[in-house]
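A.B. asks: Just start-v2.csv, nothing more (CSV, C-alpha atoms):
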```csv
chain,number,residue,atom,x,y,z
A,1,MET,CA,0.0,0.0,0.0
A,2,GLN,CA,2.8,2.4,0.8
A,3,ASN,CA,4.5,1.7,-2.6
A,4,LYS,CA,1.2,2.5,-4.4
A,5,ARG,CA,0.8,5.8,-2.4
A,6,LEU,CA,4.3,6.8,-3.3
A,7,ILE,CA,3.8,6.1,-7.0
A,8,LEU,CA,0.5,8.1,-7.0
A,9,TRP,CA,2.2,11.0,-5.2
A,10,ILE,CA,5.0,11.2,-7.8
A,11,ILE,CA,2.6,11.0,-10.7
A,12,ALA,CA,0.6,13.9,-9.2
A,13,SER,CA,3.8,15.9,-8.7
A,14,VAL,CA,4.8,15.4,-12.3
A,15,PHE,CA,1.5,16.7,-13.6
A,16,MET,CA,1.5,19.7,-11.3
A,17,LEU,CA,4.8,20.9,-12.8
A,18,ASN,CA,3.2,22.4,-15.8
A,19,THR,CA,4.6,25.9,-16.4
A,20,LEU,CA,6.4,25.2,-19.6
A,21,SER,CA,7.6,26.9,-22.8
A,22,ALA,CA,9.6,26.1,-26.0
A,23,GLN,CA,11.1,22.6,-26.4
A,24,GLN,CA,14.9,22.5,-25.9
A,25,GLU,CA,15.9,18.9,-25.5
A,26,ALA,CA,17.4,16.7,-28.2
A,27,GLN,CA,15.0,14.5,-30.3
A,28,VAL,CA,15.8,11.0,-31.5
A,29,SER,CA,13.9,8.4,-33.6
A,30,HIS,CA,15.1,5.3,-31.7
A,31,ASN,CA,13.0,6.4,-28.7
A,32,MET,CA,11.8,2.8,-28.0
A,33,PHE,CA,15.4,1.9,-27.2
A,34,ASN,CA,16.2,5.2,-25.5
A,35,HIS,CA,14.3,5.0,-22.2
A,36,MET,CA,17.4,6.0,-20.1
A,37,ALA,CA,17.9,9.3,-21.8
A,38,ILE,CA,14.4,10.6,-20.9
A,39,ASN,CA,13.4,8.6,-17.8
A,40,PRO,CA,15.8,8.2,-14.7
A,41,GLY,CA,13.4,5.6,-13.3
A,42,PHE,CA,14.7,3.1,-15.9
A,43,ALA,CA,18.2,2.8,-14.4
A,44,GLY,CA,19.1,-0.8,-13.7
A,45,LEU,CA,15.6,-2.3,-14.1
A,46,GLN,CA,16.8,-4.8,-16.7
A,47,GLY,CA,19.3,-6.3,-14.3
A,48,SER,CA,22.3,-5.8,-16.6
A,49,VAL,CA,24.8,-3.2,-17.6
A,50,GLU,CA,23.6,-1.3,-20.6
A,51,ILE,CA,25.6,1.3,-22.7
A,52,THR,CA,23.8,3.0,-25.6
A,53,GLY,CA,25.2,5.6,-28.0
A,54,ILE,CA,23.1,7.5,-30.5
A,55,THR,CA,24.3,9.9,-33.2
A,56,ARG,CA,21.7,12.0,-35.2
A,57,GLN,CA,22.1,14.3,-38.2
A,58,GLN,CA,18.8,16.1,-38.6
A,59,TRP,CA,17.5,17.9,-41.6
A,60,GLN,CA,20.3,17.1,-44.0
A,61,GLY,CA,20.8,20.0,-46.5
A,62,PHE,CA,19.4,22.6,-44.2
A,63,ARG,CA,21.7,25.7,-44.5
A,64,ASP,CA,21.8,29.3,-43.6
A,65,GLU,CA,22.2,32.3,-45.9
A,66,LYS,CA,26.0,31.8,-45.8
A,67,ASN,CA,25.6,28.2,-46.9
A,68,ASN,CA,26.7,26.9,-43.5
A,69,ARG,CA,25.2,23.6,-42.4
A,70,VAL,CA,22.8,24.5,-39.5
A,71,GLY,CA,20.7,21.4,-39.1
A,72,PRO,CA,20.5,20.0,-35.6
A,73,GLU,CA,23.2,17.4,-34.7
A,74,SER,CA,22.9,15.3,-31.5
A,75,TYR,CA,25.2,12.8,-29.8
A,76,LEU,CA,24.0,10.9,-26.8
A,77,LEU,CA,25.7,8.3,-24.6
A,78,THR,CA,23.9,6.7,-21.7
A,79,ALA,CA,25.0,3.9,-19.3
A,80,HIS,CA,23.2,2.3,-16.4
A,81,LEU,CA,23.5,-0.7,-14.1
A,82,PRO,CA,21.8,-2.3,-11.1
A,83,ILE,CA,23.3,-1.9,-7.6
A,84,PRO,CA,21.6,-4.5,-5.4
A,85,PHE,CA,23.0,-3.2,-2.1
A,86,LEU,CA,21.4,0.2,-2.9
A,87,ALA,CA,18.1,-1.5,-3.8
A,88,GLY,CA,18.2,0.2,-7.2
A,89,GLY,CA,20.3,1.3,-10.1
A,90,LEU,CA,22.7,4.1,-11.1
A,91,SER,CA,22.9,6.0,-14.4
A,92,LEU,CA,25.2,8.3,-16.3
A,93,GLY,CA,24.3,10.3,-19.4
A,94,VAL,CA,26.5,12.5,-21.7
A,95,LEU,CA,25.2,14.6,-24.6
A,96,GLN,CA,26.4,17.1,-27.2
A,97,ASP,CA,23.6,18.8,-29.1
A,98,ASN,CA,24.2,21.4,-31.8
A,99,LEU,CA,21.4,23.6,-33.1
A,100,GLY,CA,22.6,26.0,-35.7
A,101,HIS,CA,25.2,28.2,-34.0
A,102,GLU,CA,24.1,27.2,-30.5
A,103,SER,CA,25.6,24.2,-28.8
A,104,THR,CA,24.8,22.3,-25.6
A,105,ALA,CA,27.1,19.9,-23.7
A,106,GLY,CA,25.5,18.0,-20.8
A,107,LEU,CA,26.1,15.5,-18.0
A,108,HIS,CA,23.4,13.6,-16.1
A,109,LEU,CA,23.8,11.5,-13.0
A,110,GLY,CA,20.8,9.5,-11.6
A,111,TYR,CA,19.6,6.9,-9.1
A,112,ALA,CA,16.5,4.8,-9.3
A,113,TYR,CA,14.9,2.9,-6.4
A,114,HIS,CA,13.4,-0.5,-7.4
A,115,MET,CA,10.4,-2.3,-6.1
A,116,GLN,CA,8.2,-5.2,-7.2
A,117,GLY,CA,4.6,-4.7,-8.2
A,118,PHE,CA,1.9,-5.1,-10.9
A,119,GLY,CA,3.6,-8.2,-12.3
A,120,GLY,CA,7.0,-6.6,-12.9
A,121,ARG,CA,9.4,-4.1,-11.5
A,122,ILE,CA,9.0,-0.4,-10.9
A,123,GLY,CA,11.8,2.2,-10.8
A,124,LEU,CA,11.5,5.6,-9.1
A,125,GLY,CA,14.3,7.8,-10.4
A,126,LEU,CA,15.9,11.1,-9.6
A,127,GLN,CA,18.5,12.7,-11.8
A,128,VAL,CA,20.8,15.7,-11.5
A,129,GLY,CA,21.9,17.4,-14.7
A,130,PHE,CA,24.5,20.0,-15.7
A,131,LEU,CA,24.3,21.7,-19.0
A,132,ASP,CA,26.8,24.1,-20.7
A,133,LYS,CA,25.0,26.2,-23.3
A,134,ALA,CA,27.0,28.3,-25.8
A,135,ILE,CA,26.2,30.5,-28.8
A,136,ASP,CA,28.6,31.8,-31.4
A,137,PHE,CA,27.4,35.4,-32.1
A,138,GLY,CA,30.2,35.9,-34.7
A,139,ALA,CA,28.5,33.3,-36.9
A,140,LEU,CA,25.2,35.2,-37.0
A,141,THR,CA,24.1,37.8,-39.6
A,142,PRO,CA,22.6,40.8,-37.8
A,143,ILE,CA,19.5,42.4,-39.2
A,144,ILE,CA,20.6,45.7,-37.9
A,145,PRO,CA,24.1,46.6,-39.3
A,146,ASN,CA,26.9,47.1,-36.7
A,147,ASP,CA,24.9,45.5,-34.0
A,148,PRO,CA,27.4,45.5,-31.0
A,149,LEU,CA,26.3,42.1,-29.7
A,150,LEU,CA,26.2,40.2,-33.0
A,151,ASN,CA,29.3,41.8,-34.5
A,152,GLN,CA,31.6,40.6,-31.7
A,153,ASP,CA,33.9,37.6,-32.4
A,154,GLN,CA,33.4,36.1,-29.0
A,155,GLY,CA,30.4,33.9,-28.1
A,156,GLU,CA,28.6,33.4,-24.8
A,157,SER,CA,28.5,30.4,-22.6
A,158,GLN,CA,26.3,29.6,-19.5
A,159,ILE,CA,26.2,26.7,-17.2
A,160,PHE,CA,22.9,25.4,-15.8
A,161,ALA,CA,22.1,22.8,-13.1
A,162,ASP,CA,18.7,21.1,-12.8
A,163,LEU,CA,16.7,18.0,-11.8
A,164,GLY,CA,14.7,15.2,-13.4
A,165,LEU,CA,12.2,12.8,-12.0
A,166,GLY,CA,10.7,9.7,-13.4
A,167,ILE,CA,8.7,6.5,-12.9
A,168,PHE,CA,9.2,3.4,-15.1
A,169,TYR,CA,7.4,0.1,-15.1
A,170,LEU,CA,8.9,-2.9,-16.7
A,171,GLY,CA,6.7,-6.0,-16.8
A,172,ASN,CA,7.9,-9.6,-16.6
A,173,ASN,CA,6.5,-9.9,-20.2
A,174,GLN,CA,8.7,-6.9,-21.2
A,175,ARG,CA,5.8,-4.5,-21.4
A,176,TRP,CA,6.7,-1.0,-20.3
A,177,ALA,CA,5.2,2.3,-19.2
A,178,GLY,CA,6.9,5.4,-18.1
A,179,ILE,CA,6.3,9.0,-17.1
A,180,SER,CA,9.0,11.6,-16.4
A,181,VAL,CA,9.7,15.3,-16.2
A,182,THR,CA,13.1,16.9,-16.9
A,183,GLN,CA,14.5,20.3,-16.1
A,184,ILE,CA,12.1,20.6,-13.3
A,185,LEU,CA,13.5,23.7,-11.7
A,186,GLN,CA,13.6,25.7,-15.0
A,187,THR,CA,17.0,27.1,-13.9
A,188,LYS,CA,17.9,30.5,-15.1
A,189,GLY,CA,21.4,31.4,-16.3
A,190,PRO,CA,23.6,34.1,-14.7
A,191,ASN,CA,22.1,37.5,-14.8
A,192,SER,CA,18.8,36.0,-16.0
A,193,GLY,CA,20.4,35.1,-19.3
A,194,GLY,CA,18.4,32.2,-20.7
A,195,GLN,CA,16.3,29.6,-18.9
A,196,LEU,CA,15.8,25.8,-19.1
A,197,ARG,CA,12.2,24.7,-19.8
A,198,ARG,CA,10.5,21.7,-18.3
A,199,HIS,CA,9.7,18.7,-20.5
A,200,THR,CA,7.3,15.8,-19.8
A,201,TYR,CA,7.4,12.4,-21.4
A,202,LEU,CA,4.9,9.5,-21.5
A,203,SER,CA,5.9,6.2,-23.0
A,204,PHE,CA,4.1,2.9,-23.5
A,205,GLY,CA,5.0,-0.4,-25.3
A,206,SER,CA,3.8,-4.0,-25.3
A,207,PRO,CA,5.6,-6.7,-27.3
A,208,PHE,CA,3.7,-9.8,-28.4
A,209,ASN,CA,4.4,-12.8,-30.6
A,210,LEU,CA,2.5,-13.4,-33.8
A,211,ALA,CA,0.0,-16.3,-33.7
A,212,GLY,CA,1.5,-19.2,-35.6
A,213,ALA,CA,4.9,-17.5,-35.9
A,214,PRO,CA,6.7,-17.7,-32.6
A,215,ASP,CA,9.9,-16.4,-34.1
A,216,MET,CA,8.1,-13.1,-35.1
A,217,LYS,CA,7.5,-10.4,-32.5
A,218,ILE,CA,5.7,-7.1,-32.9
A,219,ILE,CA,6.5,-4.2,-30.6
A,220,PRO,CA,4.0,-1.4,-30.8
A,221,SER,CA,4.9,1.7,-28.7
A,222,ILE,CA,4.1,5.4,-28.3
A,223,LEU,CA,6.0,8.3,-26.9
A,224,VAL,CA,4.2,11.5,-26.0
A,225,LYS,CA,6.4,14.6,-25.5
A,226,SER,CA,5.2,17.9,-24.2
A,227,ASP,CA,6.5,21.2,-22.9
A,228,PHE,CA,2.9,22.4,-22.3
A,229,HIS,CA,3.5,24.8,-25.1
A,230,SER,CA,3.5,22.1,-27.8
A,231,LEU,CA,2.6,18.4,-27.9
A,232,GLN,CA,4.2,15.7,-30.1
A,233,PHE,CA,3.4,12.1,-30.6
A,234,ASP,CA,5.8,9.3,-31.9
A,235,ILE,CA,3.8,6.3,-32.8
A,236,ASN,CA,6.0,3.3,-33.5
A,237,ALA,CA,5.7,-0.3,-34.6
A,238,THR,CA,8.7,-2.7,-35.0
A,239,LEU,CA,8.8,-6.3,-36.1
A,240,GLU,CA,11.6,-8.5,-34.8
A,241,TYR,CA,12.6,-11.9,-36.2
A,242,ASN,CA,14.2,-14.6,-34.1
A,243,ASN,CA,15.7,-11.9,-31.8
A,244,ARG,CA,18.2,-11.1,-34.6
A,245,LEU,CA,16.7,-8.9,-37.3
A,246,TRP,CA,14.2,-6.1,-36.8
A,247,GLY,CA,12.7,-3.2,-38.7
A,248,GLY,CA,9.9,-0.8,-38.2
A,249,VAL,CA,8.1,2.4,-39.0
A,250,SER,CA,7.2,5.5,-36.9
A,251,TYR,CA,5.1,8.5,-37.4
A,252,ARG,CA,6.0,11.7,-35.7
A,253,LEU,CA,3.0,14.0,-35.7
A,254,GLN,CA,3.5,17.0,-38.1
A,255,ASP,CA,7.2,16.2,-38.5
A,256,ALA,CA,8.3,13.0,-40.1
A,257,ILE,CA,7.7,9.4,-41.2
A,258,VAL,CA,10.6,7.2,-39.9
A,259,ILE,CA,12.0,4.0,-41.3
A,260,LEU,CA,14.0,1.8,-38.9
A,261,LEU,CA,16.3,-1.1,-39.6
A,262,GLY,CA,18.6,-3.1,-37.3
A,263,PHE,CA,20.0,-6.3,-36.1
A,264,ASN,CA,21.3,-8.0,-32.9
A,265,ILE,CA,24.6,-9.7,-32.8
A,266,GLY,CA,25.8,-11.2,-29.6
A,267,GLN,CA,25.5,-8.6,-26.9
A,268,PHE,CA,25.2,-5.7,-29.4
A,269,ARG,CA,22.1,-4.1,-30.9
A,270,ILE,CA,22.7,-1.9,-33.9
A,271,GLY,CA,20.1,0.3,-35.6
A,272,TYR,CA,19.7,2.8,-38.3
A,273,SER,CA,16.8,5.2,-39.0
A,274,TYR,CA,15.9,7.6,-41.8
A,275,ASP,CA,13.4,10.3,-41.3
A,276,ILE,CA,11.3,11.5,-44.2
A,277,THR,CA,10.5,15.1,-43.3
A,278,THR,CA,6.8,15.9,-43.7
A,279,SER,CA,6.8,19.4,-42.2
A,280,ALA,CA,7.2,22.6,-44.1
A,281,ILE,CA,11.0,22.2,-44.0
A,282,GLY,CA,10.7,19.0,-46.0
A,283,ARG,CA,7.9,20.2,-48.3
A,284,SER,CA,10.0,23.2,-49.3
A,285,ALA,CA,12.9,20.9,-50.1
A,286,ARG,CA,15.2,22.5,-47.5
A,287,SER,CA,15.6,19.2,-45.8
A,288,HIS,CA,16.7,15.9,-47.4
A,289,GLY,CA,15.7,13.9,-44.3
A,290,SER,CA,17.4,12.9,-41.1
A,291,HIS,CA,19.9,10.1,-40.4
A,292,GLU,CA,20.4,8.3,-37.1
A,293,ILE,CA,22.6,5.5,-35.9
A,294,MET,CA,22.2,3.6,-32.5
A,295,VAL,CA,24.7,1.1,-31.0
A,296,ARG,CA,23.9,-0.7,-27.7
A,297,TYR,CA,26.1,-3.0,-25.7
A,298,SER,CA,24.7,-4.9,-22.7
A,299,PHE,CA,26.1,-7.6,-20.4
A,300,ASP,CA,25.2,-9.2,-17.1
A,301,LEU,CA,27.2,-8.6,-13.9
A,302,LEU,CA,26.1,-11.9,-12.4
A,303,LEU,CA,25.9,-10.2,-9.0
A,304,ASP,CA,23.3,-12.7,-7.8
A,305,ARG,CA,25.1,-15.9,-8.8
A,306,VAL,CA,26.1,-18.0,-5.8
A,307,ARG,CA,29.9,-18.3,-5.5
A,308,GLU,CA,31.0,-22.0,-5.8
A,309,VAL,CA,33.9,-23.2,-3.8
A,310,GLN,CA,35.9,-26.2,-5.1
A,311,ARG,CA,38.1,-28.1,-2.7
A,312,ASN,CA,40.9,-30.5,-3.5
A,313,VAL,CA,40.9,-33.7,-1.6
A,314,ARG,CA,44.6,-33.4,-0.9
A,315,PHE,CA,44.2,-29.9,0.6
A,316,LEU,CA,41.1,-29.7,2.8
```
Is it possible to express this structure as structure tokens?
C.D. replies:
Amino acid sequence: MQNKRLILWIIASVFMLNTLSAQQEAQVSHNMFNHMAINPGFAGLQGSVEITGITRQQWQGFRDEKNNRVGPESYLLTAHLPIPFLAGGLSLGVLQDNLGHESTAGLHLGYAYHMQGFGGRIGLGLQVGFLDKAIDFGALTPIIPNDPLLNQDQGESQIFADLGLGIFYLGNNQRWAGISVTQILQTKGPNSGGQLRRHTYLSFGSPFNLAGAPDMKIIPSILVKSDFHSLQFDINATLEYNNRLWGGVSYRLQDAIVILLGFNIGQFRIGYSYDITTSAIGRSARSHGSHEIMVRYSFDLLLDRVREVQRNVRFL
């Protein structure tokens, strides 16, 4: 009963944090394999060490008036593992996100408390984040000639610290559901220069095997992202064969149709996605689509294995 009350309290807290503005966080298409980057409650739930890297080149061909490439570029690396003596898991996240002439470097550290319930495991996670945001004023073209701010060669950099909170449920049948909020404090930069904006994420997924084809598994899922200024849906469906080959399609509302392909080899999962831009940027031929590569490596720590002692009859 206490666990259920705690979960309900955190969910209520997430929805009360709703004073939000423009979206700032990086977007990826492999969101069904990217729980750790958006929900600190996922840390360690799978019982293994998991390291995931994603690189994304968005809106290929998108350039400014000087013909400089200004499409978003994102690089994410996350790692998490269970820590039984802490009754939970720890996580680490590193990111580099470039948007035009603005860049963000970030580091996230998190802990998730684990409990049993509802036919699976539940993680209650807290995350501390540090972001270094910089902008290169010298690369911008001022509308007003001789603008003293935009004509300087130096850029501007600010460091922000903030918090994230999340709940993640992972069923014994590998179904999942999660809710999280990041950048809770909406930290302001020095001298009120810039401010982080809160983001909320909801995710659901439920794998199931095809009738009459036990080697084929369908994994439908959905990710809802909101900054309470805009709302975006990623609706996904992937088909996996014999736990080796997989492919799928996603639809991102008012933005893109995504094609995903990948394979599993040993302890590695490797995926590629291509976004067909359906927004005005794509219709005006300013974007040739987006490319994304994901590589994941996972292994068991075998922390729960009973240590066996072998004795030699000559040396007891």
A.B. asks: To one decimal place in Å, what is the distance between atom CA of A:Asp275 and atom CA of A:Ala37?
C.D. replies: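 Atom CA of A:Ala37 lies 20.0 Å from atom CA of A:Asp275.
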A.B. asks: For A:Ala237, please output as a list of chain:residue names all residues within 10 Å (counting only C-alpha atoms; exclusion window: fewer than 6 positions along the same chain).
C.D. replies: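 Within the cut-off, the hits are A:Met32, A:Gly205, A:Pro207, A:Ile218, A:Ile219, A:Pro220, A:Ser221, A:Ile222, A:Gly247, A:Gly248, A:Val249, A:Ser250, A:Tyr251, A:Leu260.
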A.B. asks: Hey, what's within 9 Å of A:Ile122 if we count all atoms listed in the file and toss same-chain stuff fewer than 6 positions away? As an MDAnalysis selection string, please?
C.D. replies: chainID A and resid 41:42 45 113:116 167:171
A.B. asks: Figure out the distance between atom CA of A:Ser273 and atom CA of A:Ser290, please, to one decimal in Å.
C.D. replies: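 Separation of atom CA of A:Ser290 and atom CA of A:Ser273: 8.0 Å.
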A.B. asks: Nearest to A:Asn264: which of A:Thr238, A:Val28, A:Arg296, A:Ala280 is it, counting only C-alpha atoms?
C.D. replies: A:Arg296
A.B. asks: Env of A:Gly47: 8 Å cut, atoms = all atoms listed in the file, seq-sep filter 2 positions within chain, self excluded. Answer as number ranges by chain.
C.D. replies: A: 44-45, 49, 81-82, 300
A.B. asks: For the point (26.6, -10.2, -20.7) in file coordinates, what residues are within 8 Å, counting only C-alpha atoms? Give the answer as a ChimeraX atom specification?
C.D. replies: /A:48-49,267,298-301
A.B. asks: What is the atom CA of A:Ala87 to atom CA of A:Gly117 distance in Å?
C.D. replies: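 According to the coordinates, atom CA of A:Ala87 and atom CA of A:Gly117 are separated by 14.6 Å.
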A.B. asks: Once you count only C-alpha atoms, which residues end up no further than 7 Å from (26.2, 29.0, -31.3) in the file's frame, shown as a count of residues only?
C.D. replies: 8
A.B. asks: Return the single residue from A:Phe118, A:Tyr274, A:Tyr201, A:Phe160 that is closest to A:Lys188, with distances computed using only C-alpha atoms.
C.D. replies: A:Phe160
A.B. asks: Residues near A:Ile293, anyone? I mean within 10 Å using all atoms listed in the file, not counting same-chain ones fewer than 3 positions away, as a PyMOL selection string.
C.D. replies: chain A and resi 28-30+53-57+75+260-262+270-274
A.B. asks: Could you give me, as JSON, numbers by chain, the residues within 12 Å of A:Leu131, counting all atoms listed in the file and dropping anything in the same chain fewer than 4 positions from it?
C.D. replies: {"A": [24, 25, 93, 94, 95, 96, 97, 103, 104, 105, 106, 107, 108, 109, 157, 158, 159, 160, 161, 162, 163, 183, 187, 188, 189, 195, 196]}
A.B. asks: So which one's closest to A:Lys225, A:Gln186, A:Pro40, A:Ser180, A:Gly266? Using all atoms listed in the file, please.
C.D. replies: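 Looking only at the distances to A:Lys225, the closest residue turns out to be A:Ser180.
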A.B. asks: Taking only C-alpha atoms into account, which of A:Phe85, A:Phe33, A:Tyr297, A:Phe233 comes nearest A:Phe268?
C.D. replies: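 Result for the nearest residue to A:Phe268: A:Tyr297.
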A.B. asks: Smallest atom-to-atom distance to A:Gly129: which of A:Ile184, A:Leu239, A:Ile51, A:Ile83, using all atoms listed in the file?
C.D. replies: A:Ile184
A.B. asks: Please output stretch 176-185 of chain A, rebuilt to include all heavy atoms, as a JSON list (two decimals), in the frame of the given file.
C.D. replies:
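Writing done, so here's selection.json:
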```json
[["chain", "number", "residue", "atom", "x", "y", "z"],
["A", 176, "TRP", "N", 6.15, -2.10, -21.05],
["A", 176, "TRP", "CA", 6.70, -1.00, -20.30],
["A", 176, "TRP", "C", 5.73, 0.21, -20.32],
["A", 176, "TRP", "O", 4.91, 0.36, -21.23],
["A", 176, "TRP", "CB", 8.06, -0.57, -20.78],
["A", 176, "TRP", "CG", 8.07, 0.22, -22.06],
["A", 176, "TRP", "CD1", 7.89, 1.57, -22.21],
["A", 176, "TRP", "CD2", 8.28, -0.28, -23.40],
["A", 176, "TRP", "NE1", 7.98, 1.94, -23.53],
["A", 176, "TRP", "CE2", 8.22, 0.83, -24.28],
["A", 176, "TRP", "CE3", 8.53, -1.55, -23.92],
["A", 176, "TRP", "CZ2", 8.40, 0.70, -25.65],
["A", 176, "TRP", "CZ3", 8.71, -1.67, -25.29],
["A", 176, "TRP", "CH2", 8.63, -0.57, -26.14],
["A", 177, "ALA", "N", 5.88, 1.05, -19.31],
["A", 177, "ALA", "CA", 5.20, 2.30, -19.20],
["A", 177, "ALA", "C", 6.00, 3.26, -18.39],
["A", 177, "ALA", "O", 6.59, 2.85, -17.38],
["A", 177, "ALA", "CB", 3.77, 2.14, -18.62],
["A", 178, "GLY", "N", 6.11, 4.49, -18.81],
["A", 178, "GLY", "CA", 6.90, 5.40, -18.10],
["A", 178, "GLY", "C", 6.37, 6.84, -18.14],
["A", 178, "GLY", "O", 5.71, 7.22, -19.12],
["A", 179, "ILE", "N", 6.64, 7.60, -17.11],
["A", 179, "ILE", "CA", 6.30, 9.00, -17.10],
["A", 179, "ILE", "C", 7.48, 9.75, -16.42],
["A", 179, "ILE", "O", 8.03, 9.28, -15.41],
["A", 179, "ILE", "CB", 4.99, 9.31, -16.34],
["A", 179, "ILE", "CG1", 4.72, 10.82, -16.30],
["A", 179, "ILE", "CG2", 5.00, 8.72, -14.94],
["A", 179, "ILE", "CD1", 3.35, 11.18, -15.75],
["A", 180, "SER", "N", 7.90, 10.84, -17.00],
["A", 180, "SER", "CA", 9.00, 11.60, -16.40],
["A", 180, "SER", "C", 8.91, 13.06, -16.75],
["A", 180, "SER", "O", 8.20, 13.46, -17.68],
["A", 180, "SER", "CB", 10.35, 11.03, -17.02],
["A", 180, "SER", "OG", 10.40, 11.21, -18.42],
["A", 181, "VAL", "N", 9.62, 13.84, -15.97],
["A", 181, "VAL", "CA", 9.70, 15.30, -16.20],
["A", 181, "VAL", "C", 11.17, 15.67, -16.02],
["A", 181, "VAL", "O", 11.83, 15.23, -15.07],
["A", 181, "VAL", "CB", 8.79, 16.09, -15.28],
["A", 181, "VAL", "CG1", 9.10, 15.84, -13.82],
["A", 181, "VAL", "CG2", 8.88, 17.59, -15.58],
["A", 182, "THR", "N", 11.71, 16.42, -16.95],
["A", 182, "THR", "CA", 13.10, 16.90, -16.90],
["A", 182, "THR", "C", 13.16, 18.38, -16.78],
["A", 182, "THR", "O", 12.20, 19.08, -17.10],
["A", 182, "THR", "CB", 13.87, 16.41, -18.14],
["A", 182, "THR", "OG1", 13.25, 16.96, -19.32],
["A", 182, "THR", "CG2", 13.86, 14.89, -18.26],
["A", 183, "GLN", "N", 14.32, 18.86, -16.33],
["A", 183, "GLN", "CA", 14.50, 20.30, -16.10],
["A", 183, "GLN", "C", 13.42, 20.90, -15.26],
["A", 183, "GLN", "O", 12.83, 21.94, -15.58],
["A", 183, "GLN", "CB", 14.66, 21.00, -17.49],
["A", 183, "GLN", "CG", 15.81, 20.44, -18.30],
["A", 183, "GLN", "CD", 16.00, 21.07, -19.68],
["A", 183, "GLN", "OE1", 16.99, 20.84, -20.34],
["A", 183, "GLN", "NE2", 15.04, 21.87, -20.13],
["A", 184, "ILE", "N", 13.17, 20.23, -14.15],
["A", 184, "ILE", "CA", 12.10, 20.60, -13.30],
["A", 184, "ILE", "C", 12.17, 22.02, -12.75],
["A", 184, "ILE", "O", 11.19, 22.75, -12.71],
["A", 184, "ILE", "CB", 12.01, 19.60, -12.07],
["A", 184, "ILE", "CG1", 11.57, 18.22, -12.54],
["A", 184, "ILE", "CG2", 11.07, 20.11, -10.98],
["A", 184, "ILE", "CD1", 11.60, 17.17, -11.44],
["A", 185, "LEU", "N", 13.37, 22.42, -12.34],
["A", 185, "LEU", "CA", 13.50, 23.70, -11.70],
["A", 185, "LEU", "C", 13.52, 24.89, -12.65],
["A", 185, "LEU", "O", 13.47, 26.04, -12.21],
["A", 185, "LEU", "CB", 14.86, 23.72, -10.90],
["A", 185, "LEU", "CG", 15.01, 22.62, -9.85],
["A", 185, "LEU", "CD1", 16.36, 22.75, -9.15],
["A", 185, "LEU", "CD2", 13.88, 22.68, -8.83]]
```
